[in-house]
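Quick notes on the structure that follows.
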Amino acid sequence: MAAPPGEYFSVGSQVSCRTCQEQRLQGEVVAFDYQSKMLALKCPSSSGKPNHADILLINLQFVSEIEIINDRTETPPPLASLNVSKLASKARTEKEEKLSQAYAISAGVSLEGQQLFQTIHKTIKDCKWQEKNIVVMEEVVIAPPYQVENCKGKEGSALSHVRKIVQDTQKGCHGAACCQCLRDNPTGGHPLLLLTTHNYFQASTIVSYLTN
């Protein structure tokens, strides 16, 4: 069932709820919108990083059970300051990366190609897809099957660096094991894309943010 009529949640209260998918969620209330029945809970960071937290946005219309563990009645502390521009920039970057991954999958790029693209993109952001080719810094093109000899471009430091990355990737990626990892987790473990892919936002969405 949804939240009871007239139900409100005080900021700072500890709340536990169970979604319609039988997932148990618990955390501290940081916001609640009565009209949309959206509840925001703050939980310890799933990444384990200090000064980080997970924010769960829960649609109470998809919650079967909710319990207030500790109701806070005093005035809540001031909100932590957030670097909005930094968060917006990070969101744009993450969106571009996930759209790029989605394009590669839809274009029929091999798992080896997807893995190589992700590896290069970790250190060289100027990296994009051109059909099934990987274009790095507008100078180097890597064509299927993405081996060292498939790296084409003007001889120089850029081409040498990309060839080195491709070579190291081939050495570190033991074929089947690496590809199996991508098959099991094609989005690289990013919760936003997984939630969006399965339209899970109706129940909850997890977002990591900096608290200072």
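Here's how to read the names in the structure tokens: chain A, B, ... by the order shown, residue numbers from 1 in each chain, ligand numbers from 1 in the order shown.
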So which residues touch Leu25 of chain A within 9 Å, counting only C-alpha atoms, skipping near sequence neighbours fewer than 6 positions away, as a short mmCIF file (atom, residue, chain, number, x, y, z; two decimals) with C-alpha atoms, in the first residue's frame?
```cif
data_model
loop_
_atom_site.label_atom_id
_atom_site.label_comp_id
_atom_site.auth_asym_id
_atom_site.auth_seq_id
_atom_site.Cartn_x
_atom_site.Cartn_y
_atom_site.Cartn_z
CA VAL A 15 12.63 5.47 8.55
CA SER A 16 12.46 1.90 7.28
CA CYS A 17 10.29 0.80 4.39
CA ARG A 18 9.69 -2.18 2.12
CA THR A 19 9.10 -1.69 -1.59
CA LEU A 41 16.51 8.98 2.65
CA LEU A 56 17.44 7.05 -1.94
#
```
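Excluding Pro76 of chain A itself and same-chain residues fewer than 2 positions from it, the residues having an atom within 9 Å of it are Ser10, Val11, Gly12, Arg72, Thr73, Glu74, Pro78 and Leu79 of chain A, counting only C-alpha atoms.
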Q: Would you please give, as a ChimeraX atom specification, all residues of segment 22-203 of chain A that DSSP assigns to helix (DSSP H, G or I) based on the backbone?
A: /A:60-62,84-106,111-123,148-150,157-172,176-184,191-197,200-202
Could you save the residues just selected, with C-alpha atoms, as a CSV table (one decimal), in the first residue's frame?
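result-v8.csv was written with the following content:
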```
chain,number,residue,atom,x,y,z
A,60,LEU,CA,5.8,5.8,-1.5
A,61,GLN,CA,3.1,4.7,-4.0
A,62,PHE,CA,5.3,1.7,-4.6
A,84,VAL,CA,26.0,22.5,-7.5
A,85,SER,CA,28.2,23.3,-10.6
A,86,LYS,CA,30.4,20.3,-9.8
A,87,LEU,CA,27.5,18.0,-9.4
A,88,ALA,CA,25.9,19.2,-12.7
A,89,SER,CA,29.2,18.7,-14.5
A,90,LYS,CA,29.6,15.2,-13.0
A,91,ALA,CA,26.0,14.4,-14.1
A,92,ARG,CA,26.6,15.6,-17.6
A,93,THR,CA,29.8,13.5,-17.8
A,94,GLU,CA,28.1,10.4,-16.5
A,95,LYS,CA,25.2,10.9,-18.9
A,96,GLU,CA,27.6,11.2,-21.9
A,97,GLU,CA,29.5,8.1,-20.8
A,98,LYS,CA,26.4,6.0,-20.5
A,99,LEU,CA,25.0,7.2,-23.8
A,100,SER,CA,28.3,6.3,-25.4
A,101,GLN,CA,28.1,2.8,-23.9
A,102,ALA,CA,24.5,2.4,-25.1
A,103,TYR,CA,25.5,3.5,-28.6
A,104,ALA,CA,28.3,0.9,-28.7
A,105,ILE,CA,25.9,-1.9,-27.6
A,106,SER,CA,23.3,-0.8,-30.2
A,111,LEU,CA,32.7,-6.8,-25.9
A,112,GLU,CA,36.5,-6.4,-26.5
A,113,GLY,CA,35.8,-3.1,-28.2
A,114,GLN,CA,33.6,-1.9,-25.4
A,115,GLN,CA,36.2,-2.9,-22.8
A,116,LEU,CA,38.9,-1.1,-24.7
A,117,PHE,CA,36.9,2.1,-25.0
A,118,GLN,CA,36.1,2.1,-21.3
A,119,THR,CA,39.8,1.6,-20.5
A,120,ILE,CA,41.0,4.4,-22.8
A,121,HIS,CA,38.2,6.8,-21.5
A,122,LYS,CA,39.4,6.5,-18.0
A,123,THR,CA,42.5,8.5,-18.8
A,148,VAL,CA,47.6,-2.8,-31.7
A,149,GLU,CA,48.0,-3.1,-35.5
A,150,ASN,CA,44.5,-1.6,-35.9
A,157,SER,CA,53.3,10.7,-29.1
A,158,ALA,CA,49.5,10.3,-29.3
A,159,LEU,CA,49.6,7.2,-31.5
A,160,SER,CA,52.3,5.7,-29.4
A,161,HIS,CA,50.4,6.3,-26.2
A,162,VAL,CA,47.2,4.8,-27.6
A,163,ARG,CA,49.1,1.8,-28.9
A,164,LYS,CA,50.6,1.3,-25.4
A,165,ILE,CA,47.1,1.4,-23.8
A,166,VAL,CA,45.8,-1.2,-26.3
A,167,GLN,CA,48.8,-3.4,-25.7
A,168,ASP,CA,48.4,-3.2,-21.9
A,169,THR,CA,44.7,-3.9,-22.2
A,170,GLN,CA,45.3,-7.0,-24.2
A,171,LYS,CA,47.8,-8.2,-21.6
A,172,GLY,CA,45.6,-7.4,-18.7
A,176,ALA,CA,36.8,-14.9,-21.6
A,177,ALA,CA,37.1,-13.7,-18.0
A,178,CYS,CA,37.1,-10.0,-19.0
A,179,CYS,CA,34.3,-10.4,-21.5
A,180,GLN,CA,32.2,-12.4,-19.0
A,181,CYS,CA,32.5,-9.5,-16.6
A,182,LEU,CA,31.0,-7.2,-19.3
A,183,ARG,CA,28.3,-9.7,-20.1
A,184,ASP,CA,27.3,-9.8,-16.4
A,191,PRO,CA,23.4,2.3,-10.6
A,192,LEU,CA,21.9,5.2,-12.5
A,193,LEU,CA,22.0,3.4,-15.8
A,194,LEU,CA,20.8,0.1,-14.3
A,195,LEU,CA,17.9,1.8,-12.7
A,196,THR,CA,17.0,3.8,-15.8
A,197,THR,CA,17.3,0.7,-18.0
A,200,TYR,CA,13.2,1.3,-11.5
A,201,PHE,CA,12.9,5.0,-10.7
A,202,GLN,CA,9.3,4.3,-9.8
```
Segment 60-162 of chain A: residues DSSP assigns to strand (DSSP E or B), reported as a JSON list (two decimals) with N, CA and C atoms, in the first residue's frame:
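What ended up in states.json:
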```
[["chain", "number", "residue", "atom", "x", "y", "z"],
["A", 63, "VAL", "N", 5.47, 1.51, -2.17],
["A", 63, "VAL", "CA", 5.97, 0.98, -0.91],
["A", 63, "VAL", "C", 4.85, 0.21, -0.23],
["A", 64, "SER", "N", 5.12, -1.02, 0.17],
["A", 64, "SER", "CA", 4.08, -1.84, 0.79],
["A", 64, "SER", "C", 4.04, -1.70, 2.30],
["A", 65, "GLU", "N", 5.15, -1.23, 2.90],
["A", 65, "GLU", "CA", 5.20, -1.10, 4.35],
["A", 65, "GLU", "C", 6.20, -0.01, 4.72],
["A", 66, "ILE", "N", 5.85, 0.81, 5.71],
["A", 66, "ILE", "CA", 6.76, 1.86, 6.14],
["A", 66, "ILE", "C", 6.68, 2.00, 7.65],
["A", 67, "GLU", "N", 7.84, 2.20, 8.27],
["A", 67, "GLU", "CA", 7.91, 2.29, 9.74],
["A", 67, "GLU", "C", 8.86, 3.41, 10.14],
["A", 68, "ILE", "N", 8.41, 4.26, 11.07],
["A", 68, "ILE", "CA", 9.26, 5.31, 11.60],
["A", 68, "ILE", "C", 10.00, 4.73, 12.80],
["A", 69, "ILE", "N", 11.30, 4.54, 12.67],
["A", 69, "ILE", "CA", 12.11, 3.95, 13.73],
["A", 69, "ILE", "C", 12.40, 4.96, 14.83],
["A", 70, "ASN", "N", 12.72, 6.17, 14.43],
["A", 70, "ASN", "CA", 13.02, 7.23, 15.40],
["A", 70, "ASN", "C", 12.52, 8.55, 14.85],
["A", 127, "CYS", "N", 37.49, 10.89, -26.24],
["A", 127, "CYS", "CA", 37.41, 9.56, -26.83],
["A", 127, "CYS", "C", 35.95, 9.31, -27.21],
["A", 128, "LYS", "N", 35.70, 8.93, -28.45],
["A", 128, "LYS", "CA", 34.32, 8.76, -28.89],
["A", 128, "LYS", "C", 34.21, 7.63, -29.91],
["A", 129, "TRP", "N", 32.95, 7.26, -30.19],
["A", 129, "TRP", "CA", 32.68, 6.24, -31.19],
["A", 129, "TRP", "C", 32.39, 6.88, -32.54],
["A", 130, "GLN", "N", 32.90, 6.27, -33.60],
["A", 130, "GLN", "CA", 32.57, 6.66, -34.97],
["A", 130, "GLN", "C", 32.18, 5.37, -35.66],
["A", 133, "ASN", "N", 34.34, 2.30, -34.92],
["A", 133, "ASN", "CA", 35.71, 2.71, -34.68],
["A", 133, "ASN", "C", 35.81, 3.58, -33.43],
["A", 134, "ILE", "N", 36.90, 3.48, -32.72],
["A", 134, "ILE", "CA", 37.17, 4.33, -31.57],
["A", 134, "ILE", "C", 38.09, 5.46, -32.03],
["A", 135, "VAL", "N", 37.64, 6.70, -31.82],
["A", 135, "VAL", "CA", 38.43, 7.86, -32.21],
["A", 135, "VAL", "C", 38.97, 8.53, -30.95],
["A", 136, "VAL", "N", 40.28, 8.66, -30.86],
["A", 136, "VAL", "CA", 40.92, 9.23, -29.67],
["A", 136, "VAL", "C", 41.58, 10.56, -30.03],
["A", 140, "VAL", "N", 43.77, 9.59, -33.47],
["A", 140, "VAL", "CA", 44.01, 8.14, -33.59],
["A", 140, "VAL", "C", 42.68, 7.42, -33.77],
["A", 141, "VAL", "N", 42.64, 6.51, -34.73],
["A", 141, "VAL", "CA", 41.44, 5.70, -34.98],
["A", 141, "VAL", "C", 41.78, 4.23, -34.75],
["A", 142, "ILE", "N", 40.96, 3.57, -33.93],
["A", 142, "ILE", "CA", 41.15, 2.14, -33.67],
["A", 142, "ILE", "C", 39.97, 1.40, -34.27],
["A", 151, "CYS", "N", 45.47, 0.35, -34.79],
["A", 151, "CYS", "CA", 45.57, 1.76, -34.40],
["A", 151, "CYS", "C", 46.20, 2.55, -35.54],
["A", 152, "LYS", "N", 45.47, 3.49, -36.09],
["A", 152, "LYS", "CA", 45.94, 4.26, -37.22],
["A", 152, "LYS", "C", 45.94, 5.75, -36.88],
["A", 153, "GLY", "N", 46.96, 6.43, -37.38],
["A", 153, "GLY", "CA", 47.06, 7.87, -37.15],
["A", 153, "GLY", "C", 48.46, 8.34, -37.49]]
```
Q) Distance atom CA of Ala80 of chain A-atom CA of Asn51 of chain A, one decimal place? A)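 Value for the atom CA of Ala80 of chain A-atom CA of Asn51 of chain A distance: 10.9 Å.
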Would you pick out the contacts of Lys37 of chain A at 7 Å or less, using only C-alpha atoms, so that residues sharing its chain but fewer than 2 positions from it are not included, and give the list as an mmCIF file with N, CA and C atoms, in the first residue's frame?
```
data_model
loop_
_atom_site.group_PDB
_atom_site.id
_atom_site.type_symbol
_atom_site.label_atom_id
_atom_site.label_comp_id
_atom_site.auth_asym_id
_atom_site.auth_seq_id
_atom_site.Cartn_x
_atom_site.Cartn_y
_atom_site.Cartn_z
ATOM 1 N N ASP A 33 8.161 15.141 0.000
ATOM 2 C CA ASP A 33 7.174 15.934 -0.735
ATOM 3 C C ASP A 33 5.841 15.212 -0.666
ATOM 4 N N TYR A 34 4.900 15.812 0.056
ATOM 5 C CA TYR A 34 3.624 15.148 0.299
ATOM 6 C C TYR A 34 2.820 14.985 -0.987
ATOM 7 N N GLN A 35 2.831 15.998 -1.830
ATOM 8 C CA GLN A 35 2.013 15.971 -3.039
ATOM 9 C C GLN A 35 2.413 14.833 -3.982
ATOM 10 N N LEU A 39 9.883 10.421 -0.985
ATOM 11 C CA LEU A 39 10.633 10.471 0.265
ATOM 12 C C LEU A 39 12.115 10.285 -0.044
ATOM 13 N N ASN A 59 9.439 6.472 -4.115
ATOM 14 C CA ASN A 59 8.055 6.787 -4.433
ATOM 15 C C ASN A 59 7.176 5.933 -3.513
ATOM 16 N N LEU A 60 6.531 6.578 -2.559
ATOM 17 C CA LEU A 60 5.767 5.835 -1.550
ATOM 18 C C LEU A 60 4.545 5.118 -2.118
ATOM 19 N N GLN A 61 4.180 5.453 -3.354
ATOM 20 C CA GLN A 61 3.066 4.731 -3.970
ATOM 21 C C GLN A 61 3.470 3.289 -4.309
#
```
